[in-house]
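What follows is structure-v3.cif (mmCIF, C-alpha atoms).
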```
data_query
loop_
_atom_site.label_atom_id
_atom_site.label_comp_id
_atom_site.auth_asym_id
_atom_site.auth_seq_id
_atom_site.Cartn_x
_atom_site.Cartn_y
_atom_site.Cartn_z
CA MET A 1 -44.94 -83.40 62.99
CA VAL A 2 -47.37 -83.71 65.90
CA GLN A 3 -50.93 -84.23 64.74
CA PRO A 4 -53.74 -82.59 66.73
CA ARG A 5 -55.98 -84.73 68.84
CA ILE A 6 -59.46 -85.00 67.34
CA PRO A 7 -62.31 -83.95 69.68
CA ARG A 8 -65.48 -85.99 70.04
CA ALA A 9 -68.27 -85.82 67.43
CA PRO A 10 -70.70 -83.54 69.35
CA VAL A 11 -67.90 -81.04 69.99
CA ILE A 12 -66.92 -80.90 66.31
CA ALA A 13 -70.58 -80.63 65.27
CA ALA A 14 -71.13 -77.75 67.69
CA ILE A 15 -68.03 -75.95 66.37
CA ILE A 16 -69.20 -76.37 62.75
CA VAL A 17 -72.67 -75.04 63.59
CA ALA A 18 -71.24 -72.09 65.52
CA LEU A 19 -68.81 -71.11 62.76
CA THR A 20 -71.51 -71.45 60.11
CA SER A 21 -73.94 -69.29 62.10
CA VAL A 22 -71.26 -66.63 62.57
CA SER A 23 -70.55 -66.70 58.82
CA LEU A 24 -74.23 -66.24 58.01
CA ALA A 25 -74.54 -63.40 60.48
CA GLY A 26 -71.44 -61.78 58.99
CA LEU A 27 -72.91 -62.08 55.49
CA LEU A 28 -75.97 -60.06 56.50
CA LEU A 29 -74.37 -57.87 59.15
CA PRO A 30 -73.53 -54.90 56.83
CA ALA A 31 -77.16 -54.65 55.76
CA LEU A 32 -78.37 -54.78 59.37
CA LEU A 33 -75.88 -52.13 60.46
CA ASP A 34 -77.06 -49.88 57.65
CA GLU A 35 -80.65 -50.33 58.77
CA ALA A 36 -79.72 -49.59 62.40
CA PHE A 37 -77.32 -46.68 61.99
CA GLY A 38 -77.89 -45.47 58.44
CA ARG A 39 -81.61 -45.38 57.95
CA ARG A 40 -82.50 -45.50 61.67
CA ASP A 41 -85.93 -46.82 60.83
CA LEU A 42 -87.23 -49.22 63.48
CA VAL A 43 -90.13 -50.22 61.24
CA ARG A 44 -87.59 -51.71 58.85
CA PHE A 45 -84.86 -52.72 61.33
CA VAL A 46 -86.91 -54.78 63.82
CA PRO A 47 -88.50 -57.12 61.23
CA ALA A 48 -85.14 -57.42 59.45
CA LEU A 49 -83.37 -58.35 62.69
CA ALA A 50 -86.06 -60.90 63.56
CA ALA A 51 -85.85 -62.41 60.07
CA VAL A 52 -82.04 -62.70 60.20
CA ALA A 53 -82.10 -64.22 63.69
CA GLY A 54 -84.78 -66.71 62.69
CA VAL A 55 -82.95 -67.72 59.51
CA CYS A 56 -79.62 -68.20 61.34
CA GLY A 57 -81.26 -70.17 64.15
CA LEU A 58 -83.22 -72.45 61.81
CA TYR A 59 -80.15 -72.89 59.59
CA GLY A 60 -77.98 -73.90 62.55
CA TRP A 61 -80.62 -76.30 63.86
CA LEU A 62 -81.03 -78.07 60.51
CA LEU A 63 -77.25 -78.29 60.10
CA TRP A 64 -76.86 -79.79 63.60
CA LEU A 65 -79.55 -82.41 62.98
CA ASN A 66 -77.90 -83.48 59.73
CA LEU A 67 -74.45 -83.63 61.31
CA VAL A 68 -75.71 -85.99 64.02
CA ARG A 69 -77.69 -87.98 61.41
CA ARG A 70 -81.16 -87.04 62.61
CA THR A 71 -82.45 -86.22 59.16
CA GLY A 72 -86.08 -86.21 58.09
CA PRO A 73 -88.36 -85.08 55.27
CA VAL A 74 -89.50 -82.11 57.35
CA HIS A 75 -86.02 -80.62 56.92
CA ARG A 76 -86.92 -79.81 53.32
CA LEU A 77 -89.73 -77.65 54.65
CA GLY A 78 -87.18 -75.84 56.81
CA LEU A 79 -85.00 -75.25 53.74
CA ALA A 80 -88.02 -73.86 51.89
CA VAL A 81 -88.76 -71.47 54.79
CA ILE A 82 -85.14 -70.27 54.87
CA THR A 83 -85.20 -69.70 51.10
CA ALA A 84 -88.50 -67.81 51.20
CA VAL A 85 -87.42 -65.50 54.05
CA SER A 86 -83.93 -64.90 52.66
CA TRP A 87 -85.14 -64.10 49.17
CA ALA A 88 -87.93 -61.89 50.55
CA LEU A 89 -85.49 -59.63 52.41
CA PRO A 90 -83.94 -57.95 49.30
CA ALA A 91 -87.40 -57.68 47.72
CA PHE A 92 -88.83 -55.70 50.65
CA LEU A 93 -85.71 -53.89 51.85
CA GLY A 94 -83.86 -53.36 48.57
CA VAL A 95 -80.57 -54.71 47.22
CA GLY A 96 -78.54 -51.53 47.41
CA THR A 97 -77.58 -51.84 51.10
CA GLY A 98 -76.25 -55.41 51.09
CA TRP A 99 -79.47 -57.37 51.31
CA GLY A 100 -78.62 -58.98 47.98
CA ASN A 101 -76.25 -61.27 49.91
CA ALA A 102 -79.32 -62.92 51.42
CA LEU A 103 -79.86 -64.73 48.11
CA LEU A 104 -76.84 -66.93 48.98
CA VAL A 105 -78.06 -68.00 52.43
CA PRO A 106 -79.98 -71.19 51.48
CA ALA A 107 -77.19 -72.45 49.18
CA GLY A 108 -75.16 -74.05 51.97
CA LEU A 109 -78.08 -76.25 53.08
CA ILE A 110 -79.14 -77.59 49.69
CA ALA A 111 -76.62 -80.45 49.55
CA VAL A 112 -77.03 -81.08 53.28
CA VAL A 113 -80.80 -81.55 53.32
CA LEU A 114 -81.37 -83.01 49.85
CA PRO A 115 -79.91 -86.19 48.29
CA ALA A 116 -76.80 -85.61 46.15
CA ARG A 117 -78.39 -85.86 42.69
CA ARG A 118 -81.44 -83.80 43.60
CA ALA A 119 -79.19 -81.27 45.34
CA ALA A 120 -77.15 -80.82 42.16
CA VAL A 121 -80.30 -80.09 40.15
CA VAL A 122 -81.67 -77.71 42.80
CA ALA A 123 -78.32 -75.93 43.13
CA ALA A 124 -78.10 -75.41 39.35
CA ALA A 125 -81.67 -74.15 39.24
CA GLY A 126 -81.08 -71.91 42.26
CA THR A 127 -78.01 -70.40 40.62
CA VAL A 128 -79.89 -69.46 37.44
CA VAL A 129 -83.11 -68.39 39.16
CA GLY A 130 -81.23 -66.42 41.80
CA ALA A 131 -79.25 -64.52 39.17
CA GLY A 132 -82.42 -63.71 37.24
CA TYR A 133 -84.17 -62.70 40.45
CA GLY A 134 -81.27 -60.41 41.26
CA LEU A 135 -81.55 -58.72 37.86
CA VAL A 136 -85.26 -58.20 38.41
CA LEU A 137 -84.56 -56.63 41.81
CA GLY A 138 -82.06 -54.25 40.24
CA MET A 139 -78.73 -55.79 41.28
CA ARG A 140 -75.66 -54.58 39.44
CA PRO A 141 -74.20 -56.87 36.75
CA LEU A 142 -71.07 -57.50 38.85
CA ALA A 143 -73.22 -58.55 41.81
CA VAL A 144 -75.21 -60.89 39.55
CA LEU A 145 -71.96 -62.41 38.27
CA TYR A 146 -70.86 -62.91 41.88
CA GLN A 147 -74.19 -64.64 42.52
CA LEU A 148 -73.63 -67.01 39.58
CA VAL A 149 -70.20 -68.00 40.89
CA ALA A 150 -70.82 -68.01 44.64
CA PHE A 151 -74.10 -69.95 44.76
CA PRO A 152 -72.71 -73.31 43.50
CA MET A 153 -69.49 -72.81 45.51
CA VAL A 154 -71.42 -72.32 48.74
CA THR A 155 -73.54 -75.38 47.96
CA PHE A 156 -70.46 -77.52 47.38
CA SER A 157 -68.81 -76.16 50.53
CA GLY A 158 -71.79 -77.17 52.64
CA PHE A 159 -71.75 -80.68 51.14
CA ILE A 160 -68.00 -81.13 51.73
CA THR A 161 -68.25 -79.94 55.34
CA VAL A 162 -70.93 -82.45 56.30
CA TRP A 163 -69.38 -85.26 54.22
CA LEU A 164 -65.94 -84.86 55.83
CA PHE A 165 -67.51 -84.77 59.28
CA HIS A 166 -69.32 -88.06 58.67
CA VAL A 167 -66.21 -89.67 57.17
CA VAL A 168 -64.10 -88.76 60.20
CA GLN A 169 -66.68 -90.19 62.59
CA GLU A 170 -66.97 -93.42 60.59
CA LEU A 171 -63.19 -93.79 60.64
CA ARG A 172 -63.15 -93.24 64.40
CA GLU A 173 -65.81 -95.93 64.90
CA ALA A 174 -63.96 -98.33 62.60
CA ARG A 175 -60.73 -97.80 64.52
CA ALA A 176 -62.43 -98.50 67.85
CA GLU A 177 -64.03 -101.63 66.41
CA LEU A 178 -60.68 -102.89 65.13
CA ALA A 179 -59.11 -102.36 68.55
CA ARG A 180 -61.93 -104.30 70.22
CA SER A 181 -61.58 -107.02 67.59
CA ALA A 182 -57.84 -107.35 68.24
CA VAL A 183 -58.42 -107.76 71.98
CA GLY A 184 -61.22 -110.23 71.35
CA GLU A 185 -59.06 -112.33 69.02
CA GLU A 186 -56.35 -112.57 71.66
CA ARG A 187 -58.87 -113.71 74.25
CA LEU A 188 -60.24 -116.33 71.88
CA ARG A 189 -56.73 -117.59 71.16
CA PHE A 190 -55.99 -118.02 74.85
CA ALA A 191 -59.36 -119.71 75.38
CA ARG A 192 -58.63 -122.15 72.55
CA ASP A 193 -55.23 -122.98 74.03
CA LEU A 194 -56.75 -123.70 77.42
CA HIS A 195 -59.49 -125.81 75.85
CA ASP A 196 -56.98 -127.88 73.89
CA VAL A 197 -54.81 -128.44 76.97
CA LEU A 198 -57.52 -129.08 79.57
CA GLY A 199 -60.28 -130.69 77.49
CA HIS A 200 -58.72 -134.13 77.14
CA SER A 201 -57.19 -134.16 80.63
CA LEU A 202 -60.41 -133.27 82.42
CA GLN A 203 -62.42 -135.76 80.40
CA ALA A 204 -59.95 -138.53 81.28
CA VAL A 205 -60.10 -137.55 84.96
CA ALA A 206 -63.90 -137.70 84.87
CA LEU A 207 -63.84 -141.19 83.30
CA ARG A 208 -61.33 -142.46 85.88
CA ALA A 209 -63.50 -141.07 88.69
CA GLU A 210 -66.56 -142.91 87.29
CA VAL A 211 -64.59 -146.17 87.18
CA ALA A 212 -63.43 -145.69 90.78
CA GLU A 213 -67.03 -145.06 91.85
CA ARG A 214 -68.23 -148.30 90.21
CA PHE A 215 -65.57 -150.38 91.98
CA ALA A 216 -65.80 -148.55 95.31
CA ASP A 217 -67.60 -151.44 97.13
CA ARG A 218 -66.17 -154.56 95.45
CA ASP A 219 -62.54 -153.83 94.48
CA PRO A 220 -60.68 -151.41 96.79
CA ALA A 221 -57.38 -152.15 95.04
CA ARG A 222 -58.84 -151.05 91.71
CA VAL A 223 -60.18 -147.91 93.35
CA ARG A 224 -56.73 -147.08 94.76
CA LYS A 225 -55.23 -147.60 91.32
CA GLU A 226 -57.78 -145.32 89.68
CA LEU A 227 -57.26 -142.65 92.32
CA ALA A 228 -53.52 -142.78 91.72
CA GLU A 229 -54.13 -142.32 87.99
CA ILE A 230 -56.43 -139.39 88.72
CA GLN A 231 -53.72 -137.74 90.82
CA THR A 232 -51.18 -138.23 88.04
CA MET A 233 -53.53 -136.79 85.43
CA ALA A 234 -54.38 -133.83 87.66
CA ARG A 235 -50.70 -133.04 88.18
CA ASP A 236 -50.08 -133.33 84.44
CA ALA A 237 -53.02 -130.98 83.75
CA VAL A 238 -51.68 -128.44 86.25
CA ARG A 239 -48.26 -128.64 84.60
CA ASP A 240 -49.82 -128.18 81.15
CA VAL A 241 -51.78 -125.12 82.30
CA ARG A 242 -48.64 -123.62 83.75
CA GLU A 243 -46.86 -124.21 80.46
CA VAL A 244 -49.69 -122.47 78.59
CA VAL A 245 -49.64 -119.51 80.96
CA ARG A 246 -45.85 -119.37 80.87
CA GLY A 247 -45.91 -119.40 77.08
CA TYR A 248 -48.58 -116.71 77.05
CA ARG A 249 -46.77 -114.49 79.52
CA ALA A 250 -43.27 -115.07 78.19
CA THR A 251 -42.31 -112.36 75.79
CA SER A 252 -39.47 -111.08 73.67
CA LEU A 253 -38.76 -107.66 72.24
CA ARG A 254 -38.97 -108.76 68.60
CA THR A 255 -42.23 -110.67 69.08
CA GLU A 256 -43.91 -107.86 70.99
CA LEU A 257 -42.78 -105.22 68.47
CA ASP A 258 -44.27 -107.31 65.67
CA GLY A 259 -47.53 -107.68 67.59
CA MET A 260 -47.70 -104.03 68.65
CA SER A 261 -47.11 -102.62 65.17
CA ALA A 262 -49.66 -105.01 63.64
CA VAL A 263 -52.37 -104.30 66.23
CA LEU A 264 -51.88 -100.52 66.10
CA ARG A 265 -52.00 -100.48 62.31
CA ALA A 266 -55.18 -102.55 62.43
CA ALA A 267 -56.64 -99.94 64.77
CA GLY A 268 -55.80 -97.15 62.29
CA ILE A 269 -52.71 -95.89 64.12
CA ALA A 270 -49.65 -95.29 61.96
CA CYS A 271 -46.81 -97.37 63.41
CA ASP A 272 -43.66 -98.83 61.87
CA ARG A 273 -41.76 -101.72 63.46
CA PRO A 274 -38.14 -100.75 64.14
CA GLU A 275 -35.23 -103.08 63.56
CA VAL A 276 -33.92 -104.85 66.66
CA PRO A 277 -30.14 -105.32 66.83
CA VAL A 278 -29.27 -108.99 66.53
CA GLU A 279 -26.56 -108.71 69.16
CA LEU A 280 -28.95 -107.93 71.99
CA PRO A 281 -28.58 -110.45 74.85
CA ALA A 282 -31.55 -112.64 75.69
CA ASP A 283 -31.95 -111.25 79.23
CA VAL A 284 -33.03 -107.80 77.95
CA HIS A 285 -35.68 -109.09 75.57
CA GLU A 286 -38.27 -110.10 78.17
CA PRO A 287 -38.24 -106.85 80.27
CA LEU A 288 -38.38 -104.68 77.15
CA GLY A 289 -41.02 -106.94 75.66
CA TRP A 290 -43.21 -106.27 78.68
CA VAL A 291 -42.70 -102.54 78.15
CA VAL A 292 -43.86 -102.84 74.55
CA ARG A 293 -46.89 -104.93 75.53
CA GLU A 294 -47.99 -102.46 78.22
CA ALA A 295 -47.45 -99.50 75.90
CA ALA A 296 -49.63 -101.07 73.21
CA THR A 297 -52.38 -101.77 75.74
CA ASN A 298 -52.32 -98.20 77.05
CA ILE A 299 -52.43 -96.70 73.54
CA LEU A 300 -55.43 -98.80 72.54
CA ARG A 301 -57.37 -98.40 75.78
CA HIS A 302 -56.45 -94.98 77.13
CA SER A 303 -55.58 -92.70 74.20
CA SER A 304 -56.84 -91.31 70.92
CA ALA A 305 -53.50 -91.60 69.14
CA THR A 306 -53.16 -91.35 65.36
CA TRP A 307 -49.47 -92.27 65.18
CA CYS A 308 -46.87 -94.03 67.27
CA ARG A 309 -43.08 -93.91 66.87
CA ILE A 310 -40.87 -96.69 68.26
CA GLU A 311 -37.07 -96.51 68.44
CA VAL A 312 -34.58 -99.11 69.68
CA ASP A 313 -31.02 -97.89 70.22
CA ALA A 314 -28.08 -100.04 71.28
CA THR A 315 -25.27 -98.16 69.57
CA ASP A 316 -23.08 -97.62 72.65
CA GLY A 317 -22.72 -101.37 73.28
CA THR A 318 -23.41 -101.15 77.02
CA ARG A 319 -27.08 -100.19 77.21
CA VAL A 320 -30.18 -100.65 75.07
CA ARG A 321 -32.72 -97.86 74.99
CA LEU A 322 -36.38 -98.24 73.95
CA GLU A 323 -38.46 -95.13 73.27
CA ILE A 324 -42.18 -95.16 72.40
CA VAL A 325 -43.92 -91.87 71.57
CA ASN A 326 -47.54 -91.32 70.52
CA ASP A 327 -49.71 -88.27 69.96
CA GLY A 328 -52.66 -89.42 72.08
CA ALA A 329 -51.59 -88.54 75.64
CA SER A 330 -53.11 -90.98 78.13
CA ARG A 331 -56.28 -89.86 79.87
CA ARG A 332 -55.56 -91.94 82.95
CA ALA A 333 -55.30 -90.03 86.21
CA GLY A 334 -51.77 -89.31 87.25
CA ILE A 335 -50.35 -89.70 83.75
CA SER A 336 -51.99 -86.86 81.86
CA GLY A 337 -51.30 -83.33 82.84
CA GLY A 338 -47.54 -83.61 82.64
CA GLY A 339 -47.11 -86.24 85.35
CA ALA A 340 -44.16 -88.64 85.18
CA LEU A 341 -43.32 -92.05 86.54
CA ALA A 342 -39.76 -93.21 86.92
CA ALA A 343 -38.16 -96.44 88.08
CA GLY A 344 -37.43 -96.49 91.75
CA THR A 345 -40.09 -93.92 92.63
CA THR A 346 -43.02 -94.69 94.85
CA THR A 347 -46.56 -94.28 93.67
CA ASP A 348 -49.94 -94.17 95.30
CA GLY A 349 -51.53 -96.15 92.51
CA ALA A 350 -52.92 -93.14 90.66
CA ALA A 351 -50.62 -93.77 87.73
CA GLY A 352 -51.98 -97.24 87.20
CA SER A 353 -50.54 -100.62 88.20
CA GLY A 354 -49.27 -101.33 84.68
CA LEU A 355 -46.72 -98.54 84.49
CA ALA A 356 -45.82 -98.86 88.15
CA GLY A 357 -45.17 -102.57 87.62
CA LEU A 358 -42.95 -101.79 84.64
CA ALA A 359 -40.98 -99.32 86.72
CA GLU A 360 -40.39 -101.97 89.39
CA ARG A 361 -39.49 -104.62 86.81
CA LEU A 362 -36.93 -102.36 85.07
CA ALA A 363 -35.48 -101.21 88.38
CA ALA A 364 -35.00 -104.82 89.48
CA ALA A 365 -33.11 -105.48 86.23
CA GLY A 366 -30.83 -102.48 86.83
CA GLY A 367 -32.55 -100.33 84.24
CA GLU A 368 -34.39 -97.04 84.08
CA PHE A 369 -37.98 -96.28 83.14
CA THR A 370 -39.84 -93.01 82.60
CA ALA A 371 -43.31 -92.30 81.23
CA ALA A 372 -44.77 -88.81 80.98
CA THR A 373 -46.72 -86.41 78.81
CA THR A 374 -44.65 -83.74 77.11
CA GLY A 375 -45.21 -80.11 76.35
CA ASP A 376 -46.12 -80.79 72.72
CA GLY A 377 -49.08 -83.01 73.66
CA THR A 378 -47.39 -86.36 73.13
CA PHE A 379 -46.87 -89.22 75.56
CA ARG A 380 -43.30 -90.48 75.80
CA LEU A 381 -42.20 -93.77 77.35
CA VAL A 382 -38.49 -94.52 77.70
CA ALA A 383 -36.92 -97.73 79.04
CA ALA A 384 -33.19 -98.43 79.26
CA LEU A 385 -31.38 -101.62 80.33
CA PRO A 386 -27.73 -102.58 80.59
CA THR A 387 -26.82 -105.15 77.94
CA GLY A 388 -24.64 -107.03 80.45
CA GLY A 389 -27.74 -108.46 82.19
CA SER A 390 -29.01 -107.93 85.70
#
```
Could I get this structure in the form of structure tokens?
Amino acid sequence: MVQPRIPRAPVIAAIIVALTSVSLAGLLLPALLDEAFGRRDLVRFVPALAAVAGVCGLYGWLLWLNLVRRTGPVHRLGLAVITAVSWALPAFLGVGTGWGNALLVPAGLIAVVLPARRAAVVAAAGTVVGAGYGLVLGMRPLAVLYQLVAFPMVTFSGFITVWLFHVVQELREARAELARSAVGEERLRFARDLHDVLGHSLQAVALRAEVAERFADRDPARVRKELAEIQTMARDAVRDVREVVRGYRATSLRTELDGMSAVLRAAGIACDRPEVPVELPADVHEPLGWVVREAATNILRHSSATWCRIEVDATDGTRVRLEIVNDGASRRAGISGGGALAAGTTTDGAAGSGLAGLAERLAAAGGEFTAATTGDGTFRLVAALPTGGS
């Protein structure tokens, strides 16, 4: 099942505020319509419309500030104003035309503005006081019963909405931090390898150079000997660096699948490592390993994926097929929007050098490579190589 891509925090917050404001307006709309078209009394309708608009606007503003964590003690004053205006409407305009619903308006903000324990006490008190207030205003017993049930439910609904929003944003931030941590750990590992290889060699070269400098005027033979040693050490250091780089760049399908699944899971992306057939020849491991490495990099850096599916198929005995699908279609130019990249095609660079390089690498090995977004919002990468070698 394809999971929907989660929009950014301000977009979600704006949607929540808009839907909540529409719900509040719908709660009081029947009473307003009765004032406008039933009674047709502007003296009553205009103040009622202004009160409803003010309550909805202030409610939405307080909800927005709490969603983006800009809370403050003054918000409690805003809640008090909303409660006073909402509870005044049925007192001045009567409860028989739907204004009794206004008693529920402040319930949704109680657990948003107040701390959890205090909100529970206020919600319980508001439920009892609101029901008694409704009886005093002349509400029917069924309407009072509805008030007793709906007030705590609306309070809990407001709390859950804001709590879930904050949890989702914290999870998003944690996932991004894990991805950055994984990249940073790999950089540190490579830096440690270089330090271990070059540290001793460079220090020895520096010592030999100091010795040659001390004997420069009095022992030319010793200087020539030291310079020869320096050359040997420099060549050995170059060879060691090449070995480090070769070991870092060399890859295999099994190793890269292990690394990709571990890194994606650490970043909060559901990913299971598939089994690799043991009969795969060695010459297909490195090209497919590069595909896996580039796919992992693109998912972490250019997508908002929540899951990734990897499949390795070599059932026909002549070709091995690697398919990687994720639900966070790449935002890079030339890849999103249904574009595709295949081996053997020419590109103008818009698709990114990584995928273009993979296409060239697979084509040189006699294989095929495609990468494209699909109609269901996923990004699919497929690489196929003959098992007979290139």
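Proximity of A:Glu275, A:Ala329, A:Gly72, A:Val245 to Asp258 in chain A, computed with all atoms listed in the file, is greatest for A:Glu275.
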*Would you list the contacts of Leu32 in chain A as a ChimeraX atom specification, taking every protein, DNA or RNA residue within 8 Å and counting all atoms listed in the file, but skipping same-chain residues closer than 3 positions in sequence?*
/A:28-29,35-36,45,48-49
For the selection just defined, write its residues with C-alpha atoms to a file, as a short mmCIF file (atom, residue, chain, number, x, y, z; two decimals), in the coordinates of the input.
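That gives us selection11.cif:
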```cif
data_model
loop_
_atom_site.label_atom_id
_atom_site.label_comp_id
_atom_site.auth_asym_id
_atom_site.auth_seq_id
_atom_site.Cartn_x
_atom_site.Cartn_y
_atom_site.Cartn_z
CA LEU A 28 -75.97 -60.06 56.50
CA LEU A 29 -74.37 -57.87 59.15
CA GLU A 35 -80.65 -50.33 58.77
CA ALA A 36 -79.72 -49.59 62.40
CA PHE A 45 -84.86 -52.72 61.33
CA ALA A 48 -85.14 -57.42 59.45
CA LEU A 49 -83.37 -58.35 62.69
#
```
Practice task
Quick one: everything within 12 Å of range 282-286 of chain A, counting only C-alpha atoms, minus sequence neighbours fewer than 2 positions away in the same chain. Send it as a ChimeraX atom specification.
Solution key: /A:249-257,276-280,288-293,312,314,318-322,358,361-362,365-367,383-390
Problem set entry | Sphere at (-60.9, -95.3, 59.4), radius 12 Å, counting all atoms listed in the file: residues as a list in words |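 Those residues lying close to the given coordinates are His166, Val167, Val168, Gln169, Glu170, Leu171, Arg172, Glu173, Ala174, Arg175, Ala176, Glu177, Leu178, Ala179, Arg265, Ala266, Ala267, Gly268, Ile269, Ala270 and Thr306 of chain A.
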Preceding selection exported with C-alpha atoms as an mmCIF file, in the frame of the given file:
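To be explicit, this is the file written out as out.cif:
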```
data_model
loop_
_atom_site.group_PDB
_atom_site.id
_atom_site.type_symbol
_atom_site.label_atom_id
_atom_site.label_comp_id
_atom_site.auth_asym_id
_atom_site.auth_seq_id
_atom_site.Cartn_x
_atom_site.Cartn_y
_atom_site.Cartn_z
ATOM 1 C CA HIS A 166 -69.320 -88.060 58.670
ATOM 2 C CA VAL A 167 -66.210 -89.670 57.170
ATOM 3 C CA VAL A 168 -64.100 -88.760 60.200
ATOM 4 C CA GLN A 169 -66.680 -90.190 62.590
ATOM 5 C CA GLU A 170 -66.970 -93.420 60.590
ATOM 6 C CA LEU A 171 -63.190 -93.790 60.640
ATOM 7 C CA ARG A 172 -63.150 -93.240 64.400
ATOM 8 C CA GLU A 173 -65.810 -95.930 64.900
ATOM 9 C CA ALA A 174 -63.960 -98.330 62.600
ATOM 10 C CA ARG A 175 -60.730 -97.800 64.520
ATOM 11 C CA ALA A 176 -62.430 -98.500 67.850
ATOM 12 C CA GLU A 177 -64.030 -101.630 66.410
ATOM 13 C CA LEU A 178 -60.680 -102.890 65.130
ATOM 14 C CA ALA A 179 -59.110 -102.360 68.550
ATOM 15 C CA ARG A 265 -52.000 -100.480 62.310
ATOM 16 C CA ALA A 266 -55.180 -102.550 62.430
ATOM 17 C CA ALA A 267 -56.640 -99.940 64.770
ATOM 18 C CA GLY A 268 -55.800 -97.150 62.290
ATOM 19 C CA ILE A 269 -52.710 -95.890 64.120
ATOM 20 C CA ALA A 270 -49.650 -95.290 61.960
ATOM 21 C CA THR A 306 -53.160 -91.350 65.360
#
```
Among A:Ala53, A:Leu63, A:Ala111, A:Leu148, Val85 in chain A is approached most closely, using all atoms listed in the file, by A:Ala53
Given all atoms listed in the file as the basis, pick out the residue of A:Asn326, A:Thr83, A:Thr127, A:Thr315 nearest to Tyr146 in chain A.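 Answer, going by the shortest atom-to-atom distance: A:Thr127.
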